[in-house]
>>> print(open('input_26.cif').read())   # mmCIF, C-alpha atoms
data_query
loop_
_atom_site.label_atom_id
_atom_site.label_comp_id
_atom_site.auth_asym_id
_atom_site.auth_seq_id
_atom_site.Cartn_x
_atom_site.Cartn_y
_atom_site.Cartn_z
CA MET A 141 121.80 97.78 160.06
CA PRO A 142 120.90 95.59 157.07
CA ALA A 143 123.38 92.99 155.91
CA LEU A 144 125.54 93.70 152.88
CA GLN A 145 124.93 91.59 149.80
CA PHE A 146 128.10 90.72 147.94
CA PRO A 147 127.76 90.26 144.18
CA LYS A 148 127.42 86.65 143.06
CA THR A 149 130.76 87.04 141.30
CA ALA A 150 132.55 88.46 144.40
CA ILE A 151 134.63 85.38 145.23
CA SER A 152 135.67 84.91 141.62
CA LEU A 153 136.58 88.60 141.24
CA LEU A 154 138.62 88.65 144.45
CA ASP A 155 140.39 85.43 143.45
CA LYS A 156 141.22 86.87 140.02
CA ALA A 157 142.37 90.13 141.58
CA GLN A 158 144.67 88.22 143.91
CA ILE A 159 146.27 86.44 140.95
CA ASN A 160 146.16 89.15 138.27
CA VAL A 161 146.88 92.23 140.35
CA ALA A 162 149.78 91.11 142.47
CA ASP A 163 150.96 94.64 143.24
CA SER A 164 147.74 95.59 145.07
CA TYR A 165 149.55 96.10 148.35
CA GLU A 166 150.97 99.35 146.92
CA ASP A 167 147.61 100.64 145.68
CA LYS A 168 145.39 103.23 147.36
CA TRP A 169 142.51 102.36 149.66
CA LEU A 170 139.62 104.45 148.36
CA ILE A 171 137.78 106.80 150.71
CA TYR A 172 134.04 106.98 149.99
CA ASN A 173 131.80 109.57 151.62
CA ILE A 174 128.11 108.77 152.10
CA ALA A 175 127.47 110.89 155.21
CA PRO A 176 124.81 113.58 154.93
CA GLY A 177 126.39 116.90 155.83
CA CYS A 178 129.90 115.83 154.89
CA ASN A 179 131.68 116.94 151.76
CA GLN A 180 134.94 116.53 149.86
CA ASP A 181 136.78 118.53 152.55
CA ASP A 182 136.03 115.72 155.00
CA ASN A 183 137.64 113.23 152.62
CA TRP A 184 140.79 115.33 152.40
CA GLU A 185 140.92 115.81 156.17
CA LEU A 186 140.64 112.05 156.67
CA PHE A 187 143.25 111.45 153.96
CA GLU A 188 145.76 113.87 155.48
CA THR A 189 145.16 112.55 159.01
CA ALA A 190 145.55 108.93 157.90
CA VAL A 191 148.74 109.62 155.97
CA ARG A 192 150.33 111.69 158.72
CA ASN A 193 149.48 109.08 161.38
CA ASN A 194 150.62 106.06 159.36
CA GLY A 195 154.08 104.59 159.61
CA GLY A 196 155.57 106.96 162.15
CA PHE A 197 156.67 109.60 159.63
CA THR A 198 155.41 113.04 158.71
CA PRO A 199 155.48 113.62 154.96
CA GLU A 200 155.74 117.10 153.55
CA ASP A 201 152.57 118.44 151.91
CA ASP A 202 153.90 117.68 148.44
CA GLU A 203 154.56 114.05 149.46
CA LEU A 204 151.11 113.32 150.88
CA GLU A 205 149.61 111.96 147.67
CA GLU A 206 152.66 109.92 146.68
CA LEU A 207 153.23 108.33 150.08
CA GLY A 208 149.63 108.05 151.23
CA TRP A 209 147.93 104.66 151.38
CA CYS A 210 144.48 106.08 150.70
CA TRP A 211 142.79 108.45 148.25
CA SER A 212 139.37 109.96 147.74
CA ALA A 213 137.24 107.84 145.37
CA GLU A 214 136.23 109.30 142.02
CA THR A 215 132.53 108.48 141.70
CA HIS A 216 131.94 110.42 138.46
CA GLY A 217 128.39 111.43 139.36
CA HIS A 218 127.30 108.04 140.72
CA GLU A 219 125.16 108.71 143.76
CA LEU A 220 126.35 106.48 146.55
CA LYS A 221 123.97 106.73 149.50
CA THR A 222 124.46 103.43 151.33
CA LEU A 223 127.28 101.08 152.18
CA GLN A 224 125.69 98.64 149.71
CA ASP A 225 126.01 101.28 146.95
CA VAL A 226 129.69 101.68 147.82
CA LEU A 227 130.29 97.92 147.82
CA ASP A 228 128.62 97.54 144.41
CA PHE A 229 130.56 100.49 142.98
CA HIS A 230 133.84 99.13 144.37
CA PHE A 231 133.25 95.70 142.83
CA GLY A 232 132.64 97.49 139.53
CA ILE A 233 136.13 98.99 139.82
CA ILE A 234 137.58 95.56 140.57
CA SER A 235 135.81 94.06 137.56
CA ARG A 236 137.03 96.78 135.20
CA ARG A 237 140.60 96.57 136.48
CA ILE A 238 140.73 92.79 135.97
CA ALA A 239 139.35 93.26 132.45
CA GLY A 240 142.07 95.81 131.72
CA GLU A 241 139.55 98.63 131.33
CA PRO A 242 139.92 102.15 132.80
CA THR A 243 138.56 102.31 136.33
CA GLY A 244 137.98 106.06 136.44
CA GLN A 245 140.28 106.41 139.45
CA LYS A 246 143.35 108.63 139.61
CA HIS A 247 145.45 105.90 141.25
CA PHE A 248 145.45 102.13 141.14
CA THR A 249 142.84 100.94 143.61
CA TYR A 250 143.40 98.43 146.38
CA GLU A 251 140.77 95.84 145.57
CA PHE A 252 140.53 94.14 148.94
CA GLY A 253 139.35 97.02 151.10
CA PHE A 254 138.00 100.56 151.25
CA VAL A 255 137.12 103.24 153.80
CA VAL A 256 133.71 104.91 154.16
CA ILE A 257 132.76 108.09 155.96
CA ALA A 258 129.26 107.06 156.96
CA ASN A 259 128.43 109.57 159.69
CA SER A 260 128.98 113.33 159.95
CA GLU A 261 130.50 112.72 163.41
CA TRP A 262 133.28 110.57 161.93
CA ARG A 263 136.01 112.50 163.80
CA ASP A 264 134.58 111.30 167.12
CA ARG A 265 133.05 107.99 166.09
CA GLY A 266 135.47 106.83 163.40
CA VAL A 267 134.92 105.51 159.92
CA ILE A 268 134.01 102.12 158.45
CA ALA A 269 136.78 100.07 156.88
CA VAL A 270 135.67 97.08 154.80
CA SER A 271 138.32 94.52 153.99
CA HIS A 272 138.55 91.05 152.46
CA LEU A 273 140.54 88.80 154.77
CA ASN A 274 142.16 85.76 153.28
CA PRO A 275 141.66 82.92 155.80
CA ALA A 276 145.04 81.39 154.91
#
>>> encode(input="input_26.cif", output="C-alpha cells")
Amino acid sequence: MPALQFPKTAISLLDKAQINVADSYEDKWLIYNIAPGCNQDDNWELFETAVRNNGGFTPEDDELEELGWCWSAETHGHELKTLQDVLDFHFGIISRRIAGEPTGQKHFTYEFGFVVIANSEWRDRGVIAVSHLNPA
C-alpha cells in the first residue's frame, strides 16, 4: 500500500482547526466509501451499526442522525477512488471550514478523523479510520 501524502499545509490547517473550531468533539466523523461494489446503502448500514454500538444505548430510528457520531460524506460528484483522494478531499473541507466557507456537508465535520469503507468485505474485515493524534 503506498504511503499517504499529507498536504504541505496539513499541520497548519490542523493547528488552526484546533484553535478555531473548538467544538469539533461534537461534530460528525465522515464516512467515505471508495470500495468497488459498495454503495450508499453500505454507508447507512455502517452508520446505523456504529451509532447503535456506541455508548451502550440504543437510539430510536428518529434519533440516529442527531445522536450519531458519524455521517455519510457528501462528495458532490467528486470521484474519490483512493485513500489519498479522500485525504485530499477531507483537507479541503477543513480548509473551507476554517475560512468560514460552506463545506458542502449536512453536519459540521470532525476535522481530525474520518472513516473509509475501502473493501467490499468491510463487514468481515472492518473499515479504515484515519485520525490525527495530538502527541500532548
>>> atom_distance(input="input_26.cif", atom1="atom CA of A:Arg263", atom2="atom CA of A:Ala175")
12.2 Å
>>> atom_distance(input="input_26.cif", atom1="atom CA of A:Thr189", atom2="atom CA of A:His218")
26.0 Å
>>> atom_distance(input="input_26.cif", atom1="atom CA of A:Lys246", atom2="atom CA of A:Trp169")
11.9 Å
>>> resolve_selection(input="input_26.cif", expression="the PyMOL selection byres ((chain A and resi 231) around 10)", output="MDAnalysis selection string")
chainID A and resid 146:147 149:150 153:154 226:230 232:237 251:252
>>> write_last_selection(input="input_26.cif", atoms="C-alpha atoms", output="tab-separated table (two decimals), keeping the file's coordinate frame")
chain	number	residue	atom	x	y	z
A	146	PHE	CA	128.10	90.72	147.94
A	147	PRO	CA	127.76	90.26	144.18
A	149	THR	CA	130.76	87.04	141.30
A	150	ALA	CA	132.55	88.46	144.40
A	153	LEU	CA	136.58	88.60	141.24
A	154	LEU	CA	138.62	88.65	144.45
A	226	VAL	CA	129.69	101.68	147.82
A	227	LEU	CA	130.29	97.92	147.82
A	228	ASP	CA	128.62	97.54	144.41
A	229	PHE	CA	130.56	100.49	142.98
A	230	HIS	CA	133.84	99.13	144.37
A	232	GLY	CA	132.64	97.49	139.53
A	233	ILE	CA	136.13	98.99	139.82
A	234	ILE	CA	137.58	95.56	140.57
A	235	SER	CA	135.81	94.06	137.56
A	236	ARG	CA	137.03	96.78	135.20
A	237	ARG	CA	140.60	96.57	136.48
A	251	GLU	CA	140.77	95.84	145.57
A	252	PHE	CA	140.53	94.14	148.94
>>> closest_residue(input="input_26.cif", among="A:Ser212, A:Arg265, A:Ala143, A:Glu206", to="A:Asn179", atoms="only C-alpha atoms")
A:Ser212
>>> residues_around(input="input_26.cif", residues="A:Gly208", least_positions_apart="4", cutoff="12 Å", atoms="only C-alpha atoms", output="number ranges by chain")
A: 166-171, 184, 186-195, 197-204, 212, 247
>>> closest_residue(input="input_26.cif", among="A:Gln180, A:Asn259, A:Glu214, A:Ile238", to="A:Ile159", atoms="only C-alpha atoms")
A:Ile238
